[in-house]
file run_23.tsv (TSV, C-alpha atoms and all ligand atoms)
chain	number	residue	atom	x	y	z
E	10	MET	CA	14.63	-30.52	-7.58
E	11	SER	CA	15.16	-26.77	-7.93
E	12	ALA	CA	16.37	-24.77	-10.89
E	13	GLN	CA	19.08	-22.13	-11.09
E	14	LEU	CA	18.09	-18.50	-11.47
E	15	ASP	CA	21.17	-17.66	-13.57
E	16	ASN	CA	19.24	-15.56	-16.06
E	17	LEU	CA	17.08	-12.59	-15.18
E	18	PRO	CA	13.43	-13.62	-15.16
E	19	GLU	CA	11.53	-12.18	-18.12
E	20	LEU	CA	7.85	-11.30	-17.92
E	21	ARG	CA	5.91	-11.32	-21.16
E	22	PRO	CA	2.33	-11.85	-22.34
E	23	MET	CA	1.24	-15.48	-22.63
E	24	ARG	CA	0.71	-16.81	-26.16
E	25	ALA	CA	-1.21	-19.83	-27.39
E	26	ALA	CA	2.17	-21.37	-28.26
E	27	ASP	CA	3.01	-21.40	-24.51
E	28	LEU	CA	0.11	-23.64	-23.58
E	29	ASP	CA	1.95	-26.95	-24.04
E	30	ARG	CA	4.49	-25.82	-21.45
E	31	VAL	CA	1.85	-24.25	-19.21
E	32	MET	CA	0.05	-27.59	-19.22
E	33	ASP	CA	3.31	-29.34	-18.24
E	34	VAL	CA	3.31	-27.23	-15.06
E	35	GLU	CA	-0.35	-26.74	-14.10
E	36	PRO	CA	-1.33	-30.34	-13.20
E	37	ALA	CA	1.71	-30.68	-10.95
E	38	LEU	CA	0.60	-27.69	-8.84
E	39	TYR	CA	-3.10	-28.26	-8.28
E	40	ALA	CA	-5.35	-31.14	-7.28
E	41	HIS	CA	-7.92	-29.63	-9.63
E	42	PRO	CA	-5.85	-27.90	-12.30
E	43	TRP	CA	-7.10	-25.61	-15.01
E	44	THR	CA	-7.57	-27.31	-18.35
E	45	ARG	CA	-5.92	-26.19	-21.55
E	46	GLY	CA	-9.37	-24.94	-22.55
E	47	ASN	CA	-9.48	-22.66	-19.49
E	48	PHE	CA	-6.23	-21.00	-20.60
E	49	ASP	CA	-7.37	-20.91	-24.24
E	50	ASP	CA	-10.61	-19.24	-23.18
E	51	SER	CA	-8.72	-16.71	-21.06
E	52	LEU	CA	-6.52	-15.76	-24.01
E	53	THR	CA	-9.52	-15.54	-26.33
E	54	ALA	CA	-11.45	-13.42	-23.82
E	55	GLY	CA	-8.55	-10.98	-23.70
E	56	TYR	CA	-7.75	-11.53	-20.05
E	57	SER	CA	-4.34	-10.37	-18.94
E	58	CYS	CA	-2.33	-13.60	-19.24
E	59	TRP	CA	1.42	-13.48	-18.52
E	60	VAL	CA	4.31	-15.88	-18.25
E	61	VAL	CA	7.68	-15.53	-16.60
E	62	GLU	CA	10.59	-17.23	-18.33
E	63	CYS	CA	14.02	-17.91	-16.89
E	64	GLY	CA	16.71	-18.78	-19.40
E	65	GLY	CA	14.05	-20.03	-21.80
E	66	ALA	CA	12.28	-22.19	-19.21
E	67	LEU	CA	8.66	-21.43	-18.42
E	68	ALA	CA	8.89	-20.82	-14.68
E	69	GLY	CA	5.52	-19.27	-13.90
E	70	TYR	CA	2.37	-17.65	-15.19
E	71	GLY	CA	-0.87	-16.07	-14.15
E	72	VAL	CA	-4.20	-14.80	-15.38
E	73	LEU	CA	-5.93	-11.54	-14.39
E	74	MET	CA	-9.45	-10.60	-15.39
E	75	VAL	CA	-10.00	-6.85	-15.37
E	76	GLY	CA	-13.64	-5.79	-15.23
E	77	VAL	CA	-15.24	-2.36	-15.18
E	78	SER	CA	-15.01	-1.75	-11.46
E	79	GLU	CA	-13.09	-4.74	-10.15
E	80	ALA	CA	-10.28	-7.06	-11.15
E	81	HIS	CA	-9.95	-10.73	-10.30
E	82	LEU	CA	-6.75	-12.72	-10.13
E	83	LEU	CA	-7.79	-16.09	-11.54
E	84	ASN	CA	-4.49	-17.96	-11.61
E	85	LEU	CA	-1.04	-17.43	-10.10
E	86	SER	CA	1.43	-20.26	-10.52
E	87	VAL	CA	5.16	-20.88	-10.19
E	88	ALA	CA	6.56	-24.25	-11.29
E	89	THR	CA	7.77	-26.31	-8.34
E	90	ALA	CA	11.42	-26.19	-9.38
E	91	TRP	CA	11.31	-22.39	-9.54
E	92	GLN	CA	9.46	-21.65	-6.33
E	93	ARG	CA	10.87	-19.59	-3.45
E	94	ARG	CA	12.95	-17.35	-5.73
E	95	GLY	CA	10.69	-14.33	-5.73
E	96	LEU	CA	8.87	-15.17	-8.96
E	97	GLY	CA	5.44	-15.39	-7.32
E	98	ARG	CA	6.08	-12.01	-5.74
E	99	MET	CA	7.18	-10.65	-9.14
E	100	LEU	CA	4.07	-11.95	-10.92
E	101	LEU	CA	1.71	-10.72	-8.23
E	102	GLY	CA	3.33	-7.27	-8.23
E	103	HIS	CA	2.98	-7.14	-12.00
E	104	PHE	CA	-0.71	-8.04	-11.86
E	105	MET	CA	-1.27	-5.43	-9.16
E	106	ASP	CA	0.38	-2.80	-11.38
E	107	ILE	CA	-1.91	-3.78	-14.26
E	108	ALA	CA	-4.97	-3.66	-12.00
E	109	ARG	CA	-3.91	-0.27	-10.60
E	110	GLY	CA	-3.53	1.03	-14.16
E	111	SER	CA	-7.10	0.02	-14.96
E	112	ASP	CA	-10.39	1.55	-13.82
E	113	ALA	CA	-10.88	-1.22	-11.28
E	114	ALA	CA	-11.16	-0.07	-7.67
E	115	GLN	CA	-10.62	-3.48	-6.08
E	116	LEU	CA	-8.64	-6.64	-6.81
E	117	PHE	CA	-10.05	-9.95	-5.60
E	118	LEU	CA	-8.84	-13.53	-5.50
E	119	GLU	CA	-9.86	-16.84	-3.98
E	120	VAL	CA	-7.47	-19.07	-2.07
E	121	ARG	CA	-7.83	-22.37	-0.26
E	122	PRO	CA	-7.55	-22.10	3.53
E	123	SER	CA	-4.96	-24.91	3.36
E	124	ASN	CA	-2.73	-22.91	0.99
E	125	VAL	CA	-0.67	-21.21	3.66
E	126	VAL	CA	2.11	-20.26	1.25
E	127	ALA	CA	-0.17	-18.32	-1.09
E	128	ARG	CA	-2.13	-16.79	1.80
E	129	ARG	CA	1.09	-15.50	3.32
E	130	LEU	CA	2.17	-14.00	0.01
E	131	TYR	CA	-1.19	-12.25	-0.48
E	132	SER	CA	-1.20	-10.95	3.09
E	133	GLU	CA	2.28	-9.50	2.60
E	134	PHE	CA	0.91	-7.57	-0.37
E	135	GLY	CA	-1.88	-6.17	1.76
E	136	PHE	CA	-4.77	-8.42	0.74
E	137	ARG	CA	-7.34	-8.86	3.46
E	138	GLN	CA	-9.86	-11.62	3.98
E	139	ILE	CA	-13.34	-10.50	2.92
E	140	THR	CA	-15.41	-13.63	3.42
E	141	VAL	CA	-15.34	-17.41	3.26
E	142	ARG	CA	-17.13	-19.13	0.40
E	143	ARG	CA	-18.33	-22.42	1.83
E	144	GLY	CA	-17.62	-25.55	-0.24
E	145	TYR	CA	-16.15	-23.56	-3.14
E	146	TYR	CA	-13.40	-25.97	-4.19
E	147	PRO	CA	-13.72	-29.67	-4.97
E	148	LEU	CA	-11.61	-31.81	-2.64
E	149	GLY	CA	-10.69	-35.50	-2.95
E	150	ARG	CA	-13.78	-36.27	-0.91
E	151	GLY	CA	-16.19	-33.43	-0.28
E	152	ARG	CA	-15.35	-29.80	-0.86
E	153	GLU	CA	-13.06	-27.15	0.62
E	154	ASP	CA	-13.96	-23.58	1.44
E	155	ALA	CA	-12.41	-20.67	-0.37
E	156	ILE	CA	-11.20	-17.53	1.31
E	157	LEU	CA	-12.12	-14.48	-0.75
E	158	MET	CA	-9.35	-11.91	-0.36
E	159	GLY	CA	-9.33	-8.39	-1.70
E	160	ILE	CA	-7.36	-5.18	-1.80
E	161	SER	CA	-8.35	-1.62	-2.68
E	162	LEU	CA	-6.34	-0.36	-5.62
M	1	LIG	C1	2.04	-19.40	-4.24
M	1	LIG	C2	3.19	-19.35	-5.24
M	1	LIG	C3	2.72	-18.65	-6.53
M	1	LIG	C4	4.35	-18.53	-4.63
M	1	LIG	O1	5.37	-18.44	-5.62
M	1	LIG	P1	6.92	-18.38	-5.22
M	1	LIG	O2	7.66	-17.94	-6.44
M	1	LIG	O3	7.33	-19.62	-4.58
M	1	LIG	O4	6.88	-17.22	-4.12
M	1	LIG	P2	8.06	-16.21	-3.78
M	1	LIG	O5	9.38	-16.87	-3.88
M	1	LIG	O6	7.84	-14.96	-4.58
M	1	LIG	O7	7.76	-15.95	-2.26
M	1	LIG	C5	6.92	-14.92	-1.89
M	1	LIG	C6	6.41	-15.16	-0.49
M	1	LIG	O8	5.52	-16.27	-0.50
M	1	LIG	C7	5.67	-16.95	0.74
M	1	LIG	N1	6.24	-18.27	0.50
M	1	LIG	C8	6.71	-18.76	-0.68
M	1	LIG	N2	7.10	-20.04	-0.51
M	1	LIG	C9	6.88	-20.34	0.78
M	1	LIG	C10	7.07	-21.53	1.58
M	1	LIG	N3	7.56	-22.65	1.04
M	1	LIG	N4	6.72	-21.48	2.86
M	1	LIG	C11	6.22	-20.36	3.41
M	1	LIG	N5	6.01	-19.21	2.73
M	1	LIG	C12	6.35	-19.21	1.44
M	1	LIG	C13	6.60	-16.13	1.58
M	1	LIG	O9	5.84	-15.16	2.22
M	1	LIG	C14	7.46	-15.52	0.52
M	1	LIG	O10	8.12	-14.38	0.91
M	1	LIG	P3	9.59	-14.53	1.57
M	1	LIG	O11	10.40	-15.43	0.67
M	1	LIG	O12	10.08	-13.13	1.62
M	1	LIG	O13	9.36	-15.15	2.92
M	1	LIG	C15	3.75	-20.77	-5.55
M	1	LIG	O14	4.08	-21.39	-4.33
M	1	LIG	C16	2.79	-21.64	-6.32
M	1	LIG	O15	2.70	-21.56	-7.54
M	1	LIG	N6	2.10	-22.56	-5.60
M	1	LIG	C17	1.23	-23.53	-6.23
M	1	LIG	C18	0.06	-22.88	-6.94
M	1	LIG	C19	-0.74	-22.01	-6.01
M	1	LIG	O16	-1.06	-22.40	-4.89
M	1	LIG	N7	-1.07	-20.79	-6.48
M	1	LIG	C20	-1.88	-19.84	-5.73
M	1	LIG	C21	-3.32	-20.21	-5.87
M	1	LIG	S1	-4.36	-19.10	-4.95
call {"tool": "encode", "arguments": {"input": "run_23.tsv", "output": "structure tokens"}}
result
Amino acid sequence: MSAQLDNLPELRPMRAADLDRVMDVEPALYAHPWTRGNFDDSLTAGYSCWVVECGGALAGYGVLMVGVSEAHLLNLSVATAWQRRGLGRMLLGHFMDIARGSDAAQLFLEVRPSNVVARRLYSEFGFRQITVRRGYYPLGRGREDAILMGISL
């Protein structure tokens, strides 16, 4: 089922009060989702955590860690019902703006080889494959590689 984009999407910083709704979305998107504790820790650590709301519904979110010389996109998620409406593109562009406004020279992320949708989005933004991390992700049985992608800021 998809949702109507009648209201303009609104980007704002994630708050602890959002985590119930974030945790309604996260397990539906990933075989190995982040826990509530992962999001809690990200907020506590001061990572750049953002949500996008559409008409009051939590449609997407992401987490960016900005270090001294490099930034790392740790999570980028759009709820299934809100996908393919440009929200992933909006979130990623926002995180790239934040990273560009920092001292970081590079922005990195990891993506599963099987995640063709996300890989296509990242490629469109100019991310390039840097290396493959063997057996990085847990899989139902065994493990799946991760593609490390990066872009100069
Ligand atoms: C990846 C994700 C964030 C994209 O969000 P989205 O809001 O659906 O993406 P957008 O609507 O902004 O689309 C941006 C681009 O992504 C690609 N894309 C999105 N959905 C796609 C689909 N179903 N098939 C192919 N490409 C797709 C396209 O390149 C698209 O650009 P286009 O519409 O101009 O062709 C979203 O699919 C998601 O949350 N997936 C599950 C979680 C996940 O895998 N996160 C990334 C982990 S590394």
call {"tool": "closest_residue", "arguments": {"input": "run_23.tsv", "among": "E:Arg94, E:His81, E:Arg45, E:His103", "to": "Val120 (chain E)", "atoms": "all atoms listed in the file"}}
result
E:His81
call {"tool": "closest_atom_pairs", "arguments": {"input": "run_23.tsv", "of": "chain E", "to": "ligand LIG 1 (chain M)", "cutoff": "9 Å", "atoms": "only C-alpha atoms and all ligand atoms", "output": "CSV"}}
result
residue,atom,partner,partner_atom,distance
E:Glu35,CA,M:LIG1,C18,8.1
E:Ala37,CA,M:LIG1,C17,8.6
E:Leu38,CA,M:LIG1,C17,5.0
E:Tyr39,CA,M:LIG1,C18,6.4
E:Ala68,CA,M:LIG1,O2,8.8
E:Gly69,CA,M:LIG1,O15,7.3
E:Tyr70,CA,M:LIG1,O15,8.6
E:Gly71,CA,M:LIG1,C3,8.8
E:Leu82,CA,M:LIG1,S1,8.6
E:Leu83,CA,M:LIG1,S1,8.0
E:Asn84,CA,M:LIG1,C21,6.3
E:Leu85,CA,M:LIG1,N7,4.9
E:Ser86,CA,M:LIG1,O15,3.5
E:Val87,CA,M:LIG1,O15,3.7
E:Ala88,CA,M:LIG1,O15,6.0
E:Thr89,CA,M:LIG1,O15,7.0
E:Trp91,CA,M:LIG1,O2,6.5
E:Gln92,CA,M:LIG1,O3,3.4
E:Arg93,CA,M:LIG1,O5,3.1
E:Arg94,CA,M:LIG1,O5,4.0
E:Gly95,CA,M:LIG1,O6,3.1
E:Leu96,CA,M:LIG1,O2,3.9
E:Gly97,CA,M:LIG1,O1,3.5
E:Arg98,CA,M:LIG1,O6,3.6
E:Met99,CA,M:LIG1,O6,6.3
E:Leu100,CA,M:LIG1,O6,8.0
E:Leu101,CA,M:LIG1,C3,8.2
E:Leu118,CA,M:LIG1,S1,7.2
E:Glu119,CA,M:LIG1,S1,6.0
E:Val120,CA,M:LIG1,S1,4.2
E:Arg121,CA,M:LIG1,S1,6.7
E:Asn124,CA,M:LIG1,O16,6.1
E:Val125,CA,M:LIG1,C11,6.9
E:Val126,CA,M:LIG1,N5,4.3
E:Ala127,CA,M:LIG1,C1,4.0
E:Arg128,CA,M:LIG1,S1,7.5
E:Arg129,CA,M:LIG1,O9,4.9
E:Leu130,CA,M:LIG1,O8,4.1
E:Tyr131,CA,M:LIG1,O8,7.8
E:Ser132,CA,M:LIG1,O9,8.2
E:Glu133,CA,M:LIG1,O9,6.7
call {"tool": "atom_distance", "arguments": {"input": "run_23.tsv", "atom1": "CA of Ile107 (chain E)", "atom2": "CA of Met158 (chain E)"}}
result
17.7 Å
call {"tool": "residues_around", "arguments": {"input": "run_23.tsv", "residues": "Gly65 (chain E)", "least_positions_apart": "6", "cutoff": "10 Å", "atoms": "only C-alpha atoms", "output": "number ranges by chain"}}
result
E: 16, 18-19
call {"tool": "closest_residue", "arguments": {"input": "run_23.tsv", "among": "E:Ala90, E:Ala108, E:Ile156, E:Ala26", "to": "Val72 (chain E)", "atoms": "all atoms listed in the file"}}
result
E:Ala108
call {"tool": "closest_residue", "arguments": {"input": "run_23.tsv", "among": "E:Pro36, E:Gly110, E:Pro147, E:Gly102", "to": "Phe134 (chain E)", "atoms": "all atoms listed in the file"}}
result
E:Gly102
call {"tool": "residues_around", "arguments": {"input": "run_23.tsv", "residues": "Ser78 (chain E)", "least_positions_apart": "2", "cutoff": "6 Å", "atoms": "all atoms listed in the file", "output": "PyMOL selection string"}}
result
chain E and resi 76+113-114
call {"tool": "closest_residue", "arguments": {"input": "run_23.tsv", "among": "E:Trp43, E:Arg150, E:Met23, E:Phe48", "to": "Val61 (chain E)", "atoms": "only C-alpha atoms"}}
result
E:Met23
call {"tool": "residues_around", "arguments": {"input": "run_23.tsv", "residues": "Pro22 (chain E)", "least_positions_apart": "3", "cutoff": "8 Å", "atoms": "only C-alpha atoms", "output": "PyMOL selection string"}}
result
chain E and resi 57-60
call {"tool": "closest_residue", "arguments": {"input": "run_23.tsv", "among": "E:Arg30, E:Arg109, E:His41, E:Arg21", "to": "Leu162 (chain E)", "atoms": "only C-alpha atoms"}}
result
E:Arg109
call {"tool": "atom_distance", "arguments": {"input": "run_23.tsv", "atom1": "CA of Val75 (chain E)", "atom2": "CA of Tyr146 (chain E)"}}
result
22.4 Å
